[in-house]
Every structure is written in structure tokens, then in C-alpha cells.
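Working notes, beginning with the structure itself.
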Amino acid sequence: MTAITNPDIKYTKIFINNEWVDSQSGKTFPTIDPSTGTKICDIAEGDVADVNNAVAIAKAAFKRGSTWRRMDASARGVLLLKLCALIERDSDYLASLEMLDNGKTFNGAKGDIVFGTKHIRYYAGLADKVEGRTIPVDGDFFTYTRCEPVGVVGAIIPWNFPFLLMAMKLGPILTSGNTLIVKPAEQTPLTALYFASLVQEAGFPPGVVNVIPGYGPTAGAALINNLDVNKISFTGSTEVGRIIMQGSGTSNLKRVTLELGGKSPLIVFPDYDIDEAVEIAQIGCIANSGQVCCAATRTYVHEDIYDEFVKKSTARALKVKVGAPQNNESEQGPQIDETQMNKILELIESGKMEGAKIECGGKRIGNTGYFVEPTVFSNVQDHMRIATEEIFGPVQQIMKFKDVEDVIDRANKSTYGLAAGVLTKNVDQAVYVSNSLEAGTVWVNTFLAASVAAPFGGYKQSGIGRESGIDGLAGYLEIKTVTMKIPQKNS
């Protein structure tokens, strides 16, 4: 496992119909190294015309009688397995691209490549196991169901886990027999474009997978508004999720899968080992430079251990090694861009203004790149902006609680419901609290423990639908019921 410090950039154009093309407008946009603030290269900027072209190509690839539609389900699985082998062959290069374009550490990027490949392999194994049912209806009828692909899918990928979240979507989309247009985040297009070359090398038919780099208000909006797109799968902010829902309603009532924002509570009870709790809480908050939708950014600590927990959390935050992602000792890299860094710093200032106590951090590090100090707040009140808004940075809020019922109510008093955590050695307490929390995922005595086999998604304004696991297939399938009149039914 070796990082490539300056990986060659091999693909910068749009990928449509298994071909590399310039944008129809001829426009490009820069992608930036967040650790230095300097331009890496220019990328072809897909626009409405490019998206519409890609959708037409994907629709043709999905046409009844096409190579893709007539392919055996098991053969789709074989193609996905070939793709996994190619990803593994080039995993160091892909991780190095991700490190350069996103700013995450090489170890973090490599972990994303490995986990994303596991997702694709998991769904490859399910390709020929998507099954309908026969239903014993009343009367002389034979009734059965078919699971059919939804059609052309637009996948809009965020910048915080570019490769991983693309792989999480691509696996169930393709194993179900759909065709796909990927719109990577404009901040992080490089791994998606190289991934497209591997799709081509693996032997997927032309038009099945297309990659259109570009901006959300243009390329992303074109996907949402196109009447031949049957489904949008989006991971990102709740604000953009609302726009997608509105676009679905005003276009062709597209199906949507939305994995949106979060403000996840982590409840620490006094019977749990405090040093382990501090470590879990820190990792849950600063992993990926805090740019995690389900980060543990509301840490509720019982009053009996609150002061000690704050002291130990501050000491742990001060030990975090922040630096260039190429440095193997770095635990935390930069934020994705200047806009995100400034948003984090503004929210930190709001915490100070509203009366929270800053124990450490809170400032930008240096003048090169977009680095923010690991930050710990104590004496945080539930109404404060840092306790209600998604910060998406290395900022920990530590709140005090006394009563179990009260902390459950406080944890649930949020517009979000993506994830939550409970740290306790009391099994009865763990079961009761986890069952009471309004979140799509609840971790007990751990945090951020994910599996390809376990569904992930949110309650409330944290999203619609589930990704990963068998449940992740449902959003990309239509269920058709067929009822046939027969001469005579016998049991």
C-alpha cells in the first residue's frame, strides 16, 4: 500500500457511450488540491446539452432488446466482479487520486476504495438472486410478481466520499439492470473519471455507465429535470435534497433515494469506560476531517463524568496530528475547500458568541490549504447553532445530561435522524435507548461501524430510502404484478 505523491491525471473529459468527449460548450472548470489551494487540472464542464445527450444514450442502452437488457443476470454479476478486480489492481492509484482531489489521508482514501469495492462485489453476488413471487390469489387465476429495473438512473455524488459513495450506488443500480449517469461533485471528479475507464475495460456495453462532471445548478439540475430520467439517487445536503424532491414533482415524478444531512447524538453513560468513550467520540467527530454526514457532533455526557470527559476530550483533540494527507502520520487533512472552511470557522464563532466554552482549537491552521484545528466545545446548550446545524468539520460539542428520558427527548429534538450512538455496559439500557432514538442507524458501544450488508439511511429530514444491504436494491426496482386467467386452479 503505497501513496503516489503526484499521480498522473489520465482522464479529464466527459465519458459518454464508452467514449471520451469534450463538453459541447467547450467549457472547463478547475479541480483544486485542498491541502495547498492550487489547481490540479482543468476538467470538461458538462452542461444541459451534455446531460441530455448522456440520458438519450443511457435510454437507448436500456431499450427492450438491447445487449444490456438481454444479458443474463449472472453475466451482469460477472461484469461487476471484473470491475472489482480492476479496481483492486489500481487501488493505490485510485487512493492517491482521492487523496489529491479530496484532501483525505492516504490511509483513509485506501479504506474508501476497499470498502467501495466490497459494495460492488456484494451486489455482484446478488445479481441472479433478485426474485419475484407467486401469489395464491382467490379464483381461477395465476398471479406472480416480477422485479424489473426502474430504467435510467441519475446518481449525484458528494465530495466527502467520492469513490465510496459512487460505488455504493453503482453496485445496486447495475446489478438490477438499470443504466446510469454519474454526476460527481465538482470538487472531486478525478476518481469518478478514472473509474469510468475501468468500466470500459471491464466490458460493460456502451451507454450503460456515463460520467458527466459539472456543477450542481447546471449538470445536476439537468438530470433532475430530464423527463427520461426515471430515478435520482443523491447523497448530500438536506437543502439540495429538497430541490431534488421539488424537481421530481415538477418533472416526471422521478423515484428518489436521498441520503442527506445529520446531527448525530452520541450518549455516554457513566458506567462506560471513560477513556474508550473519549476515543470513540473523537473518532466519531473528526474522522475524514469531520466531513461525515453521520458524525457524532452532539455528544451527550452524564453529569457524573462530564468534567473529566471534557478534560480528556480536550487532551485527545490536542494530540490529533493535522497535516498534509501525503504524510503517513497525519490523522486529519484539510477541509474540502475555502467555502467549507469558512463555514466551519463562522459556526465556531457563533458558538463563542452564544456562550459555549471553547476548550481548544477553533482557528485556521496556517495560510496554505484549508486546515482547521480540531475543536472542542463544552457547556453547549441545545438551542445553539453549533448544536443544531450540520457543521461538517472537526468540531465536537459536549453537552451535559442527568436523566435518561430527558436525554432521549433532547437527542430526538432535531430535524435530522441519520444516526445515533449509545455507550453503556447496561444491556437493558442499551436496548431501551437504542429503540427510543429516532435514527436510521444506532451504534451501541461503537460508532461509524458500517457494513455492506447493513442498510443505511435516515429518518426525518435525513433522507428517503436505504442504501447498502438487500434493502438497497428496492429503490432501483419496480414490482410488476401479473395475473393470468386459467381454466382451473388446483392446490
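Naming scheme: A, B, ... for chains in displayed order of the C-alpha cells; residues 1 onward per chain; ligands 1 onward as shown.
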Please, which residues in stretch 102-192 of chain A fall within 6 Å of stretch 323-337 of chain A when counting only C-alpha atoms, and what is the closest atom pair and distance in Å to one decimal for each, ordered by chain then residue number, as a tab-separated table?
residue	atom	partner	partner_atom	distance
A:Gly103	CA	A:Pro334	CA	5.7
A:Lys104	CA	A:Gly333	CA	5.4
A:Thr105	CA	A:Pro325	CA	4.1
Output N, CA and C atoms for every residue in that selection, as a PDB file, in the first residue's frame.
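What ended up in part_25.pdb:
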ATOM      1  N   GLY A 103      -8.273  15.580  -0.334  1.00  0.00           N
ATOM      2  CA  GLY A 103      -7.507  16.006   0.829  1.00  0.00           C
ATOM      3  C   GLY A 103      -7.520  15.028   1.971  1.00  0.00           C
ATOM      4  N   LYS A 104      -8.209  13.889   1.819  1.00  0.00           N
ATOM      5  CA  LYS A 104      -8.212  12.913   2.907  1.00  0.00           C
ATOM      6  C   LYS A 104      -6.881  12.186   2.929  1.00  0.00           C
ATOM      7  N   THR A 105      -6.541  11.637   4.085  1.00  0.00           N
ATOM      8  CA  THR A 105      -5.278  10.923   4.211  1.00  0.00           C
ATOM      9  C   THR A 105      -5.259   9.719   3.274  1.00  0.00           C
TER      10      THR A 105
END
How would you write, as a PyMOL selection string, the set of residues in stretch 357-409 of chain A that DSSP gives as strand (DSSP E or B)? chain A and resi 357-360+364-365+371-372+375-378+395-401
Can I get the residues of stretch 49-143 of chain A within 10 Å of stretch 22-28 of chain A, each with the closest pair of atoms and their distance in Å to one decimal, using only C-alpha atoms, sorted chain first then ascending number, as CSV?
residue,atom,partner,partner_atom,distance
A:Ala49,CA,A:Gln24,CA,6.8
A:Asp50,CA,A:Gln24,CA,6.4
A:Val51,CA,A:Ser23,CA,9.8
A:Asn53,CA,A:Gln24,CA,9.8
From the options A:Ile120, A:Leu193, A:Asn379, A:Gln429, which residue's atoms come nearest to A:Gly469, counting only C-alpha atoms? A:Ile120
Fewer than 6 positions away in the same chain doesn't count, so skip those; otherwise give me all residues within 7 Å of stretch 287-300 of chain A, counting only C-alpha atoms, as a ChimeraX atom specification. /A:104,160,261-268,281,332-335,387,392-394,396-401,418-419
Counting only C-alpha atoms, which residues of stretch 204-283 of chain A sit at most 10 Å from some atom of stretch 180-186 of chain A, and what is each one's closest atom pair with its distance in Å to one decimal, listed by chain and rising residue number, as a tab-separated table?
residue	atom	partner	partner_atom	distance
A:Gly207	CA	A:Leu180	CA	8.1
A:Val208	CA	A:Leu180	CA	5.9
A:Val209	CA	A:Leu180	CA	4.9
A:Asn210	CA	A:Ile181	CA	4.7
A:Val211	CA	A:Val182	CA	4.7
A:Ile212	CA	A:Lys183	CA	5.2
A:Pro213	CA	A:Lys183	CA	5.6
A:Gly214	CA	A:Glu186	CA	5.6
A:Tyr215	CA	A:Glu186	CA	5.7
A:Gly216	CA	A:Ala185	CA	7.7
A:Ala219	CA	A:Lys183	CA	7.4
A:Gly220	CA	A:Lys183	CA	6.7
A:Leu223	CA	A:Ile181	CA	8.4
A:Val229	CA	A:Ile181	CA	9.2
A:Lys231	CA	A:Leu180	CA	9.6
A:Ile232	CA	A:Ile181	CA	9.6
A:Ser233	CA	A:Val182	CA	9.6
A:Phe234	CA	A:Lys183	CA	9.7
A:Gly236	CA	A:Ala185	CA	9.8
Keeping N, CA, C and O atoms for every residue in the selection just given, could you write it to a file as a compact mmCIF listing (two decimals), in the first residue's frame?
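Output file again.txt is given in full below:
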# COMPACT_ATOMS: atom_id res chain seq x y z
N GLY A 207 -22.96 2.98 -23.17
CA GLY A 207 -24.16 3.66 -22.73
C GLY A 207 -24.69 3.22 -21.39
O GLY A 207 -25.57 3.88 -20.83
N VAL A 208 -24.18 2.12 -20.85
CA VAL A 208 -24.69 1.62 -19.57
C VAL A 208 -24.24 2.53 -18.42
O VAL A 208 -25.00 2.83 -17.51
N VAL A 209 -22.98 2.97 -18.46
CA VAL A 209 -22.44 3.88 -17.45
C VAL A 209 -21.87 5.10 -18.15
O VAL A 209 -21.07 4.98 -19.08
N ASN A 210 -22.30 6.28 -17.72
CA ASN A 210 -21.83 7.55 -18.27
C ASN A 210 -21.45 8.47 -17.11
O ASN A 210 -22.11 8.44 -16.06
N VAL A 211 -20.41 9.27 -17.28
CA VAL A 211 -19.94 10.16 -16.21
C VAL A 211 -19.86 11.58 -16.75
O VAL A 211 -19.13 11.85 -17.71
N ILE A 212 -20.63 12.48 -16.13
CA ILE A 212 -20.71 13.88 -16.57
C ILE A 212 -20.24 14.78 -15.43
O ILE A 212 -21.01 15.12 -14.53
N PRO A 213 -18.97 15.21 -15.43
CA PRO A 213 -18.55 16.19 -14.43
C PRO A 213 -19.18 17.55 -14.73
O PRO A 213 -19.41 17.89 -15.90
N GLY A 214 -19.47 18.30 -13.70
CA GLY A 214 -20.08 19.61 -13.89
C GLY A 214 -20.62 20.14 -12.58
O GLY A 214 -20.42 19.53 -11.51
N TYR A 215 -21.33 21.23 -12.65
CA TYR A 215 -21.85 21.90 -11.46
C TYR A 215 -23.29 21.48 -11.16
O TYR A 215 -24.05 21.12 -12.07
N GLY A 216 -23.65 21.56 -9.89
CA GLY A 216 -25.00 21.17 -9.48
C GLY A 216 -26.11 21.95 -10.15
O GLY A 216 -27.07 21.36 -10.67
N ALA A 219 -25.45 20.86 -14.54
CA ALA A 219 -25.48 19.43 -14.86
C ALA A 219 -26.42 18.67 -13.93
O ALA A 219 -27.20 17.82 -14.36
N GLY A 220 -26.33 18.95 -12.63
CA GLY A 220 -27.21 18.26 -11.68
C GLY A 220 -28.67 18.57 -11.93
O GLY A 220 -29.52 17.67 -11.96
N LEU A 223 -30.14 16.72 -14.91
CA LEU A 223 -30.52 15.34 -14.60
C LEU A 223 -31.88 15.30 -13.91
O LEU A 223 -32.74 14.47 -14.22
N VAL A 229 -35.17 10.55 -17.32
CA VAL A 229 -34.50 10.00 -16.14
C VAL A 229 -35.60 9.49 -15.20
O VAL A 229 -36.50 10.23 -14.81
N LYS A 231 -35.08 7.92 -12.20
CA LYS A 231 -34.73 7.83 -10.78
C LYS A 231 -33.51 8.71 -10.52
O LYS A 231 -32.59 8.80 -11.33
N ILE A 232 -33.51 9.38 -9.38
CA ILE A 232 -32.34 10.12 -8.90
C ILE A 232 -31.91 9.52 -7.58
O ILE A 232 -32.73 9.34 -6.66
N SER A 233 -30.63 9.19 -7.48
CA SER A 233 -30.04 8.77 -6.22
C SER A 233 -29.03 9.83 -5.82
O SER A 233 -28.06 10.08 -6.54
N PHE A 234 -29.25 10.46 -4.68
CA PHE A 234 -28.45 11.62 -4.28
C PHE A 234 -27.96 11.45 -2.85
O PHE A 234 -28.72 11.05 -1.96
N GLY A 236 -26.04 14.02 -0.10
CA GLY A 236 -25.59 15.40 0.08
C GLY A 236 -26.43 16.12 1.11
O GLY A 236 -27.01 15.49 2.01
Once DSSP has gone over the backbone, tell me which residues of stretch 245-448 of chain A are in alpha helix (DSSP H), as a PyMOL selection string. chain A and resi 245-250+274-286+306-319+338-353+385-388+404-412+427-436
What does the structure give for the distance between atom CA of A:Leu80 and atom CA of A:Ala54, in Å to one decimal? 21.3 Å
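Comparing the minimum interatomic distances between A:Leu198 and each of A:Ala44, A:Ser35, A:Tyr11, A:Asp138, counting only C-alpha atoms, we find that A:Tyr11 sits nearest.
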For A:Asp42, find every residue with an atom within 9 Å (counting only C-alpha atoms), except residues of its own chain fewer than 6 positions away, and show them as a compact mmCIF listing (two decimals) with C-alpha atoms, in the first residue's frame.
# COMPACT_ATOMS: atom_id res chain seq x y z
CA THR A 12 -10.36 14.96 -17.77
CA THR A 28 -13.82 23.52 -18.43
CA PHE A 29 -13.53 24.07 -14.69
CA PRO A 30 -10.59 23.64 -12.31
CA THR A 31 -10.31 20.99 -9.62
With stretch 484-488 of chain A as the partner and 8 Å as the cut-off, tabulate the residues of stretch 139-200 of chain A that qualify, each row holding the nearest pair of atoms and their distance in Å to one decimal, using only C-alpha atoms, sorted by chain and rising number, as CSV.
residue,atom,partner,partner_atom,distance
A:Asp140,CA,A:Gln488,CA,5.4
A:Phe141,CA,A:Lys485,CA,4.6
A:Phe142,CA,A:Met484,CA,5.1
A:Thr143,CA,A:Met484,CA,6.3
Could those residues be written to a file, using N, CA, C and O atoms, as a PDB file, in the first residue's frame?
ATOM      1  N   ASP A 140     -59.837 -18.593 -10.231  1.00  0.00           N
ATOM      2  CA  ASP A 140     -59.055 -19.326 -11.228  1.00  0.00           C
ATOM      3  C   ASP A 140     -58.069 -18.382 -11.915  1.00  0.00           C
ATOM      4  O   ASP A 140     -58.227 -17.990 -13.085  1.00  0.00           O
ATOM      5  N   PHE A 141     -57.077 -17.999 -11.157  1.00  0.00           N
ATOM      6  CA  PHE A 141     -56.062 -17.082 -11.641  1.00  0.00           C
ATOM      7  C   PHE A 141     -54.672 -17.565 -11.216  1.00  0.00           C
ATOM      8  O   PHE A 141     -54.509 -18.219 -10.179  1.00  0.00           O
ATOM      9  N   PHE A 142     -53.681 -17.237 -12.044  1.00  0.00           N
ATOM     10  CA  PHE A 142     -52.278 -17.455 -11.691  1.00  0.00           C
ATOM     11  C   PHE A 142     -51.623 -16.077 -11.600  1.00  0.00           C
ATOM     12  O   PHE A 142     -51.597 -15.328 -12.583  1.00  0.00           O
ATOM     13  N   THR A 143     -51.151 -15.729 -10.411  1.00  0.00           N
ATOM     14  CA  THR A 143     -50.592 -14.397 -10.161  1.00  0.00           C
ATOM     15  C   THR A 143     -49.133 -14.509  -9.722  1.00  0.00           C
ATOM     16  O   THR A 143     -48.791 -15.320  -8.850  1.00  0.00           O
TER      17      THR A 143
END
Which residues of stretch 65-156 of chain A come within 12 Å of stretch 244-251 of chain A, and what is each one's closest atom pair and distance in Å (one decimal), counting only C-alpha atoms, sorted by chain and residue number, as CSV?
residue,atom,partner,partner_atom,distance
A:Gly154,CA,A:Ile244,CA,11.3
A:Ala155,CA,A:Ile244,CA,11.8
A:Ile156,CA,A:Ile244,CA,10.4
For the residues in that selection, give me all heavy atoms as a PDB file, in the first residue's frame.
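Writing done, so here's result_23.pdb:
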ATOM      1  N   GLY A 154     -30.012   8.646 -12.490  1.00  0.00           N
ATOM      2  CA  GLY A 154     -29.003   9.681 -12.284  1.00  0.00           C
ATOM      3  C   GLY A 154     -28.471   9.584 -10.870  1.00  0.00           C
ATOM      4  O   GLY A 154     -29.244   9.627  -9.906  1.00  0.00           O
ATOM      5  N   ALA A 155     -27.154   9.421 -10.734  1.00  0.00           N
ATOM      6  CA  ALA A 155     -26.516   9.328  -9.416  1.00  0.00           C
ATOM      7  C   ALA A 155     -25.684  10.588  -9.189  1.00  0.00           C
ATOM      8  O   ALA A 155     -24.720  10.850  -9.923  1.00  0.00           O
ATOM      9  CB  ALA A 155     -25.639   8.084  -9.326  1.00  0.00           C
ATOM     10  N   ILE A 156     -26.065  11.375  -8.205  1.00  0.00           N
ATOM     11  CA  ILE A 156     -25.374  12.631  -7.894  1.00  0.00           C
ATOM     12  C   ILE A 156     -24.552  12.396  -6.628  1.00  0.00           C
ATOM     13  O   ILE A 156     -25.088  12.118  -5.560  1.00  0.00           O
ATOM     14  CB  ILE A 156     -26.378  13.776  -7.718  1.00  0.00           C
ATOM     15  CG1 ILE A 156     -27.210  13.933  -9.002  1.00  0.00           C
ATOM     16  CG2 ILE A 156     -25.654  15.073  -7.387  1.00  0.00           C
ATOM     17  CD1 ILE A 156     -28.312  14.971  -8.912  1.00  0.00           C
TER      18      ILE A 156
END
Please identify all polymer residues within 7 Å of stretch 164-176 of chain A, counting only C-alpha atoms, omitting same-chain residues fewer than 2 positions from it, and present them as a list in words.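 Result of the neighbour search: Arg76, Gly77, Asp112, Ile113, Phe115, Gly116, Thr117, His119, Ile120, Tyr123, Ala124, Ala127, Pro149, Ile157, Phe161, Pro162, Asn178, Thr179, Ser468, Gly472, Leu473, Tyr476 and Leu477 of chain A.
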Using only C-alpha atoms for the distances, tell me which of A:Glu390, A:Val130, A:Leu227, A:Trp159 is nearest to A:Cys147.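 When distances to A:Cys147 are compared using only C-alpha atoms, the smallest one comes from A:Val130.
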